[in-house]
Amino acid sequence: MTVVIRQVSEDDILLELGDTSVIVQSRCPHRGGRLRFGVVNERRMTITCPLHHSTFDLRSGNQLSGPPCGSLRVRVAEDLTQQE
Ligand code: FES
């Protein structure tokens, strides 16, 4: 599966993982690493920050590893459409 990451606003990126699209905050909650350059594991549905390698669950936003920094703001793309 090919993962596509696009910057959709100053604050958000869109991750397209096959049938699933997820909107994620563009900056890591640790020290602002740019997650559009992160590493995505589509099987595990995780993204790893390029700076200090915090890993986050793309379904819940929960931090799974790395320097403690709280969770990531995530939502499925359909939620964004319903808000407009
Ligand atoms: S900025 Fe992302 S882990 Fe440090």
# chains A, B, ... in the order shown; residues from 1 in each chain; ligands from 1

$ residues_around --residues "stretch 35-37 of chain A" --least-positions-apart "3" --cutoff "6 Å" --atoms "only C-alpha atoms" --output "PyMOL selection string"
chain A and resi 26-27+49

$ write_last_selection --atoms "C-alpha atoms" --output "mmCIF file, in the first residue's frame"
data_model
loop_
_atom_site.group_PDB
_atom_site.id
_atom_site.type_symbol
_atom_site.label_atom_id
_atom_site.label_comp_id
_atom_site.auth_asym_id
_atom_site.auth_seq_id
_atom_site.Cartn_x
_atom_site.Cartn_y
_atom_site.Cartn_z
ATOM 1 C CA SER A 26 1.135 18.808 11.402
ATOM 2 C CA ARG A 27 3.508 19.412 14.321
ATOM 3 C CA CYS A 49 8.191 11.732 14.280
#

$ closest_atom_pairs --of "chain A" --to "ligand 1" --cutoff "12 Å" --atoms "only C-alpha atoms and all ligand atoms" --output "Markdown table"
| residue | atom | partner | partner_atom_place_in_ligand_line | distance |
| --- | --- | --- | --- | --- |
| A:Gln25 | CA | ligand 1 | 2 (Fe) | 11.8 |
| A:Ser26 | CA | ligand 1 | 2 (Fe) | 10.6 |
| A:Arg27 | CA | ligand 1 | 2 (Fe) | 7.7 |
| A:Cys28 | CA | ligand 1 | 2 (Fe) | 4.6 |
| A:Pro29 | CA | ligand 1 | 2 (Fe) | 6.5 |
| A:His30 | CA | ligand 1 | 1 (S) | 4.6 |
| A:Arg31 | CA | ligand 1 | 1 (S) | 3.8 |
| A:Gly32 | CA | ligand 1 | 1 (S) | 4.8 |
| A:Gly33 | CA | ligand 1 | 1 (S) | 3.9 |
| A:Arg34 | CA | ligand 1 | 1 (S) | 7.6 |
| A:Leu35 | CA | ligand 1 | 2 (Fe) | 7.7 |
| A:Arg36 | CA | ligand 1 | 2 (Fe) | 11.4 |
| A:Phe37 | CA | ligand 1 | 2 (Fe) | 10.7 |
| A:Gly38 | CA | ligand 1 | 2 (Fe) | 9.0 |
| A:Val39 | CA | ligand 1 | 2 (Fe) | 11.5 |
| A:Ile47 | CA | ligand 1 | 2 (Fe) | 10.3 |
| A:Thr48 | CA | ligand 1 | 2 (Fe) | 7.8 |
| A:Cys49 | CA | ligand 1 | 2 (Fe) | 4.7 |
| A:Pro50 | CA | ligand 1 | 2 (Fe) | 6.6 |
| A:Leu51 | CA | ligand 1 | 1 (S) | 5.0 |
| A:His52 | CA | ligand 1 | 3 (S) | 3.8 |
| A:His53 | CA | ligand 1 | 3 (S) | 4.9 |
| A:Ser54 | CA | ligand 1 | 3 (S) | 4.3 |
| A:Thr55 | CA | ligand 1 | 3 (S) | 7.7 |
| A:Phe56 | CA | ligand 1 | 3 (S) | 9.8 |
| A:Gln63 | CA | ligand 1 | 3 (S) | 10.0 |
| A:Leu64 | CA | ligand 1 | 3 (S) | 11.3 |
| A:Ser65 | CA | ligand 1 | 3 (S) | 9.2 |
| A:Gly66 | CA | ligand 1 | 3 (S) | 6.3 |
| A:Pro67 | CA | ligand 1 | 3 (S) | 6.3 |
| A:Pro68 | CA | ligand 1 | 3 (S) | 8.5 |
| A:Cys69 | CA | ligand 1 | 3 (S) | 8.0 |
| A:Gly70 | CA | ligand 1 | 3 (S) | 10.6 |
| A:Ser71 | CA | ligand 1 | 2 (Fe) | 11.2 |
| A:Leu72 | CA | ligand 1 | 2 (Fe) | 10.4 |

$ select_by_dssp --residues "stretch 16-81 of chain A" --states "alpha helix (DSSP H)" --output "VMD selection string"
chain A and resid 77 to 81

$ residues_around --residues "A:Leu15" --least-positions-apart "3" --cutoff "8 Å" --atoms "only C-alpha atoms" --output "PyMOL selection string"
chain A and resi 3-6+21-24

$ select_by_dssp --residues "chain A" --states "strand (DSSP E or B)" --output "PyMOL selection string"
chain A and resi 3-7+12-17+20-25+27+34+39-41+46-48+55-57+63-65+74-76

$ write_last_selection --atoms "C-alpha atoms" --output "short mmCIF file (atom, residue, chain, number, x, y, z; two decimals), in the first residue's frame"
data_model
loop_
_atom_site.label_atom_id
_atom_site.label_comp_id
_atom_site.auth_asym_id
_atom_site.auth_seq_id
_atom_site.Cartn_x
_atom_site.Cartn_y
_atom_site.Cartn_z
CA VAL A 3 0.95 6.08 1.85
CA VAL A 4 0.34 9.65 0.71
CA ILE A 5 0.98 12.54 3.09
CA ARG A 6 -0.22 16.00 2.12
CA GLN A 7 -0.13 19.30 3.95
CA ASP A 12 -2.98 19.79 9.57
CA ILE A 13 -1.71 17.05 7.31
CA LEU A 14 -3.78 14.42 5.52
CA LEU A 15 -2.61 10.81 5.48
CA GLU A 16 -4.10 8.54 2.84
CA LEU A 17 -3.63 4.89 3.76
CA THR A 20 -8.52 5.22 5.21
CA SER A 21 -7.79 8.94 5.31
CA VAL A 22 -6.77 10.60 8.55
CA ILE A 23 -6.25 14.26 9.42
CA VAL A 24 -3.39 14.74 11.86
CA GLN A 25 -1.91 17.83 13.44
CA ARG A 27 3.51 19.41 14.32
CA ARG A 34 7.10 18.19 11.09
CA VAL A 39 7.53 7.48 8.98
CA VAL A 40 4.14 5.80 8.65
CA ASN A 41 3.58 2.12 9.40
CA THR A 46 1.28 4.52 13.41
CA ILE A 47 3.37 7.56 12.58
CA THR A 48 6.86 8.20 13.94
CA THR A 55 5.44 7.07 17.74
CA PHE A 56 1.69 7.73 17.78
CA ASP A 57 -1.34 5.56 17.05
CA GLN A 63 1.61 8.15 22.13
CA LEU A 64 3.11 4.66 22.00
CA SER A 65 6.81 5.42 22.52
CA VAL A 74 -6.26 12.89 14.90
CA ARG A 75 -9.60 12.47 13.16
CA VAL A 76 -10.83 10.61 10.14
#

$ closest_residue --among "A:Arg44, A:Thr2, A:Arg73, A:Asn62" --to "A:Asp19" --atoms "only C-alpha atoms"
A:Thr2

$ decode --residues "chain A" --atoms "C-alpha atoms" --output "compact mmCIF listing (two decimals), in the first residue's frame"
# COMPACT_ATOMS: atom_id res chain seq x y z
CA MET A 1 0.00 0.00 0.00
CA THR A 2 1.28 3.45 -0.85
CA VAL A 3 0.95 6.08 1.85
CA VAL A 4 0.34 9.65 0.71
CA ILE A 5 0.98 12.54 3.09
CA ARG A 6 -0.22 16.00 2.12
CA GLN A 7 -0.13 19.30 3.95
CA VAL A 8 -3.74 20.53 3.89
CA SER A 9 -3.43 23.59 6.13
CA GLU A 10 -0.85 25.23 8.34
CA ASP A 11 -1.98 23.06 11.24
CA ASP A 12 -2.98 19.79 9.57
CA ILE A 13 -1.71 17.05 7.31
CA LEU A 14 -3.78 14.42 5.52
CA LEU A 15 -2.61 10.81 5.48
CA GLU A 16 -4.10 8.54 2.84
CA LEU A 17 -3.63 4.89 3.76
CA GLY A 18 -5.57 2.86 1.22
CA ASP A 19 -9.25 3.19 2.11
CA THR A 20 -8.52 5.22 5.21
CA SER A 21 -7.79 8.94 5.31
CA VAL A 22 -6.77 10.60 8.55
CA ILE A 23 -6.25 14.26 9.42
CA VAL A 24 -3.39 14.74 11.86
CA GLN A 25 -1.91 17.83 13.44
CA SER A 26 1.14 18.81 11.40
CA ARG A 27 3.51 19.41 14.32
CA CYS A 28 4.57 16.83 16.87
CA PRO A 29 3.38 17.66 20.41
CA HIS A 30 6.89 17.05 21.73
CA ARG A 31 8.94 19.80 20.10
CA GLY A 32 7.13 20.56 16.90
CA GLY A 33 8.70 18.04 14.54
CA ARG A 34 7.10 18.19 11.09
CA LEU A 35 5.08 15.01 10.85
CA ARG A 36 4.70 15.24 7.07
CA PHE A 37 8.26 13.93 7.06
CA GLY A 38 7.43 11.21 9.58
CA VAL A 39 7.53 7.48 8.98
CA VAL A 40 4.14 5.80 8.65
CA ASN A 41 3.58 2.12 9.40
CA GLU A 42 0.34 1.43 7.55
CA ARG A 43 -0.03 -2.06 8.97
CA ARG A 44 0.17 -0.87 12.57
CA MET A 45 -1.47 2.50 11.76
CA THR A 46 1.28 4.52 13.41
CA ILE A 47 3.37 7.56 12.58
CA THR A 48 6.86 8.20 13.94
CA CYS A 49 8.19 11.73 14.28
CA PRO A 50 11.38 12.44 12.30
CA LEU A 51 13.01 14.40 15.14
CA HIS A 52 13.08 12.29 18.31
CA HIS A 53 11.12 9.28 17.07
CA SER A 54 7.97 9.49 19.16
CA THR A 55 5.44 7.07 17.74
CA PHE A 56 1.69 7.73 17.78
CA ASP A 57 -1.34 5.56 17.05
CA LEU A 58 -3.19 7.04 14.06
CA ARG A 59 -6.59 5.81 15.27
CA SER A 60 -6.51 7.17 18.80
CA GLY A 61 -3.66 9.68 18.71
CA ASN A 62 -2.14 8.00 21.77
CA GLN A 63 1.61 8.15 22.13
CA LEU A 64 3.11 4.66 22.00
CA SER A 65 6.81 5.42 22.52
CA GLY A 66 9.36 8.21 22.66
CA PRO A 67 9.84 11.20 24.95
CA PRO A 68 6.61 11.81 26.92
CA CYS A 69 4.56 14.55 25.26
CA GLY A 70 0.90 13.58 25.31
CA SER A 71 -1.29 12.54 22.44
CA LEU A 72 -1.66 13.61 18.84
CA ARG A 73 -4.84 15.26 17.54
CA VAL A 74 -6.26 12.89 14.90
CA ARG A 75 -9.60 12.47 13.16
CA VAL A 76 -10.83 10.61 10.14
CA ALA A 77 -11.16 12.81 7.07
CA GLU A 78 -14.92 12.20 6.83
CA ASP A 79 -15.33 14.02 10.14
CA LEU A 80 -13.79 17.12 8.58
CA THR A 81 -16.24 16.97 5.67
CA GLN A 82 -19.20 16.73 8.05
CA GLN A 83 -18.06 19.87 9.88
CA GLU A 84 -18.15 22.00 6.69
